Amino acid sequence: MSQFFATYGDLFVSMTLMAVLALSLYLPLMAGQLSLASPGFYALGGYVAAILSTNPGSPLLQMFPYRGLFPLPLLLLEMAIAAAASALLAILVGVPALRLRGIYLALATIAFVEVLRILSLNFDITGTAVGIFNIPQPFGTHIEYLWITGPLLLASMLFVYRLERGRVGRALIALREDELAADAMGVDPTLYKVLAFTLGAILAGMAGTVTAHLLNTWNARQGTFDFSITILAFVLIGGSRTFLGPVLGALVLTALPEVLRFLADARLVVFGGLIVLGSIFLPQGVVTPALFERRQNRAPRPGAPPPEAGLGP
Amino acid sequence: MSLSLLFQAVLNGLSIGGVYAIFALGYTLVFSILGIINFAHAAVFTLGAYFTFTLMGSQPFTSGLLKNDVLPVPLPFPLALLLGSAFAGLVAVGVERVAFRPLRRRGADPLLTLVSSLGVAIVLTNAIQLLVGAEIYSFPDDTYGTLPRAVNFGTATAPIPVRSVQIVIFAVCVAILIGLTVLINRTRFGKALRAVAEDATTASLLGINTDRFILLTFFLSGFLGGLAGTLVGSSVSIAGPYFGINFGLKGLAVIVLGGLGDIPGAVVGGLVIGIAEALVPGDQSGYKDAVAFAVLFLVLLVRPRGLLGRALVQKV
C-alpha cells in the first residue's frame with residue numbers, strides 16, 4: 001500500500017490541483033464568460049511561491065528563518081499573497097477585458113496568458129528561460145501534499161456550491177442565460193463578471209503556489225495555451241452546469257493518461273481520441289443537473305407540486 | 001534605426017507577415033463559414049511541413065516508427081510542396097468529418113468544437129511524435145535551387161542584405177493571395193462559398209450542397225496551413241511535432257486583428273504583425289513573440305471586433 005502511495009502520490013495530488021483549476025475556469029463560465037486565463041494566474045501563483053521561498057532577498061525568508069522542511073504557515077502565507085496578487089491582476093485585466101463577448105474574450109485571455117509567459121521568459125526575477133530551481137519542500141513525501149490540496153479542493157467546492165445557491169450565483173446564472181435581461185433586472189453585468197473572473201483567478205493562483213512547491217521548480221513552460229484548453233476539456237467533458245462536473249472531469253481526465261500508460265507511446269494519441277469522442281457523445285458533459293432532478297423526482301416530497309417535464313437548461 | 005535597417009526590417013517583416021497571412025486565412029475561411037475556430041489548424045500546419053519533407057525524400061528519419069525510412073522516389077521541391085499541402089488539405093477534411101460534423105449534426109454548443117478540435121490536434125501531434133520522433137529535421141540546402149544566399153538591396157558600400165528564401169516566400173505568398181482572391185470573388189465556387197458564409201440555411205435552400213462546401217473549405221484551409229508550414233519549415237527547420245503551436249497562437253492574433261472571418265482583414269493583420277515583429281530591435285528580441293499578443297489585447301480593448309471588424313448591433 002505504501003508503495004502504491006509512493007508511486008501514485010504525485011498523481012493524486014495533481015488530480016486535486018487540476019480540480020481546483022477546473023473550478024477556476026468554471027466560475028467565469030457560470031456567468032457565461034469563456035475565460036482561458038486560469039493558466040496565467042496559475043503561473044503567477046507559482047512564481048510568487050518560487051520567488052518568495054528561494055530568493056535570498058525575500059522578505060518572507062528574512063522575517064521567518066527556518067531549518068529543515070519549509071514551514072506550513074509560510075506556505076499558507078504564500079498562498080494568501082498569491083491569492084491577493086492574482087485578484088489584483090484579475091481586476092486590472094478583467095475590467096477592460098470582460099466587455100468582450102464569446103470567442104473574443106477567449107482570445108483576449110489567450111493573449112493575456114501568452115504575454116505573461118513571454119514576460120516571465122525575459123525577466124531576471126522569474127529566472128528567464130531557465131526558471132527557478134530548488135523550491136523548498138514543506139513535506140517529506142509527495143502524497144502528504146494532500147494535507148494542503150485536499151482541504152483546498154474541498155473548500156473551493158464548498159465555496160462554489162454555496163455561491164451557486166446564493167444571490168451572487170443566481171445573478172451569474174442570469175447573466176449566462178440572458179445578459180440584457182439580467183441587466184434590466186438590476187444585475188450589474190460588469191460587477192458580477194469581474195467578480196466571477198477574480199474568484200477564479202484566486203483559485204488558480206493558489207493552485208499554482210502549491211504546484212510550484214510540489215514540482216520543486218517553476219518556469220515559463222507552466223501555464224501555457226495548451227494547458228488552457230486542457231482545463232476547458234475538464235470543464236466541458238465533466239459538465240459545465242454544476243460545480244461537480246468540472247471536479248469530476250478534472251479528476252478523471254488527469255488520471256486517464258496514467259491509466260492508459262500500458263499503451264506506452266500511443267497513449268496520448270488515444271487520450272486525444274477520447275477527448276473527441278467525449279465531446280461528441282457527451283455534449284452536456286458527464287454530470288448534468290438533470291441527473292439530480294431525476295433523483296428528486298423519484299421521491300417527491302408530500303405536498304410538492306408535480307415536477308414539470310423537460311425542465312432544465 | 002537607420003533607414004537601410006528599417007528597409008531590411010520591413011522586407012523581412014513582409015516575408016514572415018505573408019506566411020502569417022496565408023496561415024491565418026486557413027482559420028478565417030473556416031470561421032467565415034462555421035463561426036468556429038479550428039484549433040487543429042496548427043497541427044495541420046505542422047503536418048504539412050512533415051509531408052513535404054517526406055515527399056522530398058532527401059534524407060531518412062532518425063527516430064520514431066519510421067526510423068531510417070525514406071521515400072524511394074524523391075520529388076522536386078515545388079511538386080512536393082503542392083502535394084504535401086494537398087495532403088494537409090485532406091487531413092483537414094478528415095478533421096472536419098471527425099471533430100466538426102458530428103457536433104454540428106447534434107446542434108452542440110460551439111464551445112465544444114474548441115475541445116473536439118483540440119482533441120484531434122493532440123492526436124495528430126502525438127501521431128507525428130510516434131512516427132518520426134521529436135527530432136529537428138532540416139530541409140536540404142538546395143531546396144530552393146542554386147539561388148544566392150542573400151540579395152543585396154543596397155549598394156556595395158552600404159549593403160542591405162535580405163535572404164533570398166524570404167523573397168521567394170514573399171513571392172509565393174503574393175501569388176497565393178491573388179489566386180485566392182480571384183477564387184473567392186470571381187468564380188462560381190467563390191460565389192457559393194460566400195453564400196454559405198452569409199447564411200448556410202438559405203444557401204442550402206437555393207440548392208447549394210453546404211456540407212460539400214464545408215468540406216471544400218476545410219480542404220482549402222488545410223492546404224493553406226500545410227503550405228505555410230512548409231514555407232516556415234524550409235526557411236528555418238522543422239523543430240519537432242510542436243513547432244506549429246506558436247504559429248497557431250499568432251494566427252489567432254492575426255485574424256482577430258483583421259476581424260474574424262474577414263479575408264482581406266487576415267492579410268492586413270498578417271502583414272501588420274509581421275512588420276511589427278521585424279521592427280523589434282535585436283537586443284530586445286526576447287519580447288518579439290509578445291508583440292502579436294500585446295497588439296491583439298490592445299486592439300480588442302479599443303475595437304472589440306477587430307481592426308477591420310464591423311460593429312454588431314445587439315438585437316433584443
# chains A, B, ... in the order shown; residues from 1 in each chain; ligands from 1
>>> residues_around(residues="Ser86 of chain A", least_positions_apart="4", cutoff="9 Å", atoms="only C-alpha atoms", output="PyMOL selection string")
chain A and resi 41-42+44-45+81-82+90-91+198+201-206
>>> interface_residues(of="chain A", to="chain B", cutoff="7 Å", atoms="only C-alpha atoms", output="list in words")
Pro96, Ala97, Leu100, Ala108, Ala111, Glu114, Val115, Ile118, Asn122, Ile229, Ala233, Leu236, Asp265, Ala266, Leu268, Val269, Gly272, Gly273, Ile275, Val276, Ser279, Ile280 and Pro283 of chain A
>>> write_last_selection(atoms="N, CA, C and O atoms", output="compact mmCIF listing (two decimals), in the first residue's frame")
# COMPACT_ATOMS: atom_id res chain seq x y z
N PRO A 96 -11.35 45.93 -18.19
CA PRO A 96 -11.49 46.21 -19.63
C PRO A 96 -11.84 44.97 -20.45
O PRO A 96 -12.62 45.06 -21.40
N ALA A 97 -11.29 43.79 -20.10
CA ALA A 97 -11.42 42.63 -20.99
C ALA A 97 -12.83 42.05 -20.99
O ALA A 97 -13.27 41.49 -21.99
N LEU A 100 -15.65 42.22 -23.61
CA LEU A 100 -15.66 41.37 -24.80
C LEU A 100 -16.58 40.19 -24.58
O LEU A 100 -16.79 39.76 -23.46
N ALA A 108 -8.75 37.07 -26.11
CA ALA A 108 -8.05 38.08 -25.32
C ALA A 108 -7.36 37.42 -24.13
O ALA A 108 -6.23 37.77 -23.76
N ALA A 111 -4.28 35.71 -25.21
CA ALA A 111 -3.22 36.70 -25.39
C ALA A 111 -2.62 37.09 -24.05
O ALA A 111 -1.40 37.21 -23.90
N GLU A 114 -0.27 34.40 -22.89
CA GLU A 114 0.97 34.39 -23.67
C GLU A 114 1.88 35.55 -23.29
O GLU A 114 3.09 35.39 -23.18
N VAL A 115 1.29 36.74 -23.08
CA VAL A 115 2.11 37.89 -22.70
C VAL A 115 2.79 37.62 -21.37
O VAL A 115 4.00 37.84 -21.20
N ILE A 118 5.69 35.22 -21.91
CA ILE A 118 6.87 35.80 -22.56
C ILE A 118 7.59 36.76 -21.60
O ILE A 118 8.82 36.81 -21.56
N ASN A 122 11.60 36.57 -19.92
CA ASN A 122 12.58 37.64 -20.11
C ASN A 122 12.99 38.34 -18.82
O ASN A 122 14.03 38.99 -18.79
N ILE A 229 -6.63 24.90 -22.72
CA ILE A 229 -7.63 24.09 -23.39
C ILE A 229 -7.82 22.77 -22.64
O ILE A 229 -8.93 22.22 -22.60
N ALA A 233 -11.28 21.36 -21.38
CA ALA A 233 -11.77 20.00 -21.62
C ALA A 233 -12.29 19.38 -20.32
O ALA A 233 -13.34 18.73 -20.31
N LEU A 236 -15.79 21.06 -19.79
CA LEU A 236 -16.87 20.75 -20.73
C LEU A 236 -17.19 19.26 -20.74
O LEU A 236 -18.35 18.87 -20.85
N ASP A 265 3.79 4.56 -25.97
CA ASP A 265 3.93 5.80 -26.74
C ASP A 265 2.63 6.25 -27.38
O ASP A 265 2.49 7.41 -27.75
N ALA A 266 1.67 5.34 -27.55
CA ALA A 266 0.44 5.70 -28.25
C ALA A 266 -0.58 6.32 -27.31
O ALA A 266 -1.65 6.74 -27.73
N LEU A 268 -1.02 9.15 -25.69
CA LEU A 268 -1.57 10.49 -25.90
C LEU A 268 -2.42 10.56 -27.16
O LEU A 268 -3.35 11.35 -27.24
N VAL A 269 -2.11 9.72 -28.14
CA VAL A 269 -2.95 9.63 -29.33
C VAL A 269 -4.35 9.16 -28.91
O VAL A 269 -5.37 9.74 -29.29
N GLY A 272 -6.23 11.88 -26.89
CA GLY A 272 -6.84 12.88 -27.78
C GLY A 272 -8.11 12.33 -28.40
O GLY A 272 -9.13 13.02 -28.47
N GLY A 273 -8.06 11.07 -28.82
CA GLY A 273 -9.24 10.45 -29.42
C GLY A 273 -10.39 10.39 -28.45
O GLY A 273 -11.54 10.66 -28.80
N ILE A 275 -10.93 12.43 -26.02
CA ILE A 275 -11.48 13.78 -25.84
C ILE A 275 -12.47 14.10 -26.96
O ILE A 275 -13.54 14.67 -26.75
N VAL A 276 -12.10 13.71 -28.19
CA VAL A 276 -13.01 13.93 -29.32
C VAL A 276 -14.32 13.17 -29.09
O VAL A 276 -15.41 13.73 -29.20
N SER A 279 -16.50 14.75 -26.43
CA SER A 279 -17.25 15.95 -26.79
C SER A 279 -18.37 15.62 -27.76
O SER A 279 -19.37 16.34 -27.80
N ILE A 280 -18.23 14.54 -28.54
CA ILE A 280 -19.31 14.19 -29.47
C ILE A 280 -20.47 13.51 -28.72
O ILE A 280 -21.63 13.85 -28.90
N PRO A 283 -22.26 15.76 -25.08
CA PRO A 283 -22.21 17.20 -25.31
C PRO A 283 -22.55 18.02 -24.07
O PRO A 283 -22.13 19.16 -23.94
>>> residues_around(residues="Phe87 of chain B", least_positions_apart="4", cutoff="10 Å", atoms="only C-alpha atoms", output="NGL selection string")
:B and (44 or 47-48 or 51-52 or 81-83 or 91-93 or 219 or 222-223 or 226)
>>> closest_residue(among="B:Leu34, B:Ala21, B:Met56, B:Leu71", to="Asp211 of chain B", atoms="only C-alpha atoms")
B:Leu34
>>> select_by_dssp(residues="segment 56-88 of chain A", states="alpha helix (DSSP H)", output="VMD selection string")
chain A and resid 59 to 63 72 to 88
>>> select_by_dssp(residues="segment 52-234 of chain B", states="strand (DSSP E)", output="PyMOL selection string")
chain B and resi 150-152+161-163
>>> residues_around(residues="Gly140 of chain A", least_positions_apart="6", cutoff="12 Å", atoms="only C-alpha atoms", output="PDB file with N, CA and C atoms, in the first residue's frame")
ATOM      1  N   ALA A   6       3.438   5.820  -2.745  1.00  0.00           N
ATOM      2  CA  ALA A   6       4.692   6.445  -3.155  1.00  0.00           C
ATOM      3  C   ALA A   6       4.713   6.621  -4.667  1.00  0.00           C
ATOM      4  N   GLY A   9       1.429   9.016  -5.518  1.00  0.00           N
ATOM      5  CA  GLY A   9       1.224  10.204  -4.696  1.00  0.00           C
ATOM      6  C   GLY A   9       1.106  11.467  -5.544  1.00  0.00           C
ATOM      7  N   GLY A  68      15.247  22.841   8.219  1.00  0.00           N
ATOM      8  CA  GLY A  68      14.530  21.617   7.837  1.00  0.00           C
ATOM      9  C   GLY A  68      13.459  21.895   6.797  1.00  0.00           C
ATOM     10  N   LEU A  69      12.314  21.225   6.967  1.00  0.00           N
ATOM     11  CA  LEU A  69      11.236  21.364   5.991  1.00  0.00           C
ATOM     12  C   LEU A  69      10.680  22.782   6.002  1.00  0.00           C
ATOM     13  N   PHE A  70      10.182  23.182   4.823  1.00  0.00           N
ATOM     14  CA  PHE A  70       9.562  24.505   4.683  1.00  0.00           C
ATOM     15  C   PHE A  70       8.307  24.547   5.558  1.00  0.00           C
ATOM     16  N   PRO A  71       8.192  25.529   6.463  1.00  0.00           N
ATOM     17  CA  PRO A  71       7.056  25.503   7.397  1.00  0.00           C
ATOM     18  C   PRO A  71       5.715  25.723   6.692  1.00  0.00           C
ATOM     19  N   HIS A 213       5.768  24.292  -5.260  1.00  0.00           N
ATOM     20  CA  HIS A 213       6.479  23.522  -4.239  1.00  0.00           C
ATOM     21  C   HIS A 213       6.524  22.046  -4.614  1.00  0.00           C
ATOM     22  N   LEU A 214       5.396  21.549  -5.098  1.00  0.00           N
ATOM     23  CA  LEU A 214       5.307  20.126  -5.458  1.00  0.00           C
ATOM     24  C   LEU A 214       6.342  19.765  -6.526  1.00  0.00           C
TER      25      LEU A 214
END
>>> closest_residue(among="B:Asn38, B:Gln166, B:Thr28, B:Thr210", to="Val10 of chain B", atoms="only C-alpha atoms")
B:Gln166
>>> closest_residue(among="A:Thr109, A:Thr242, A:Thr126, A:Thr149", to="Val13 of chain A", atoms="only C-alpha atoms")
A:Thr149
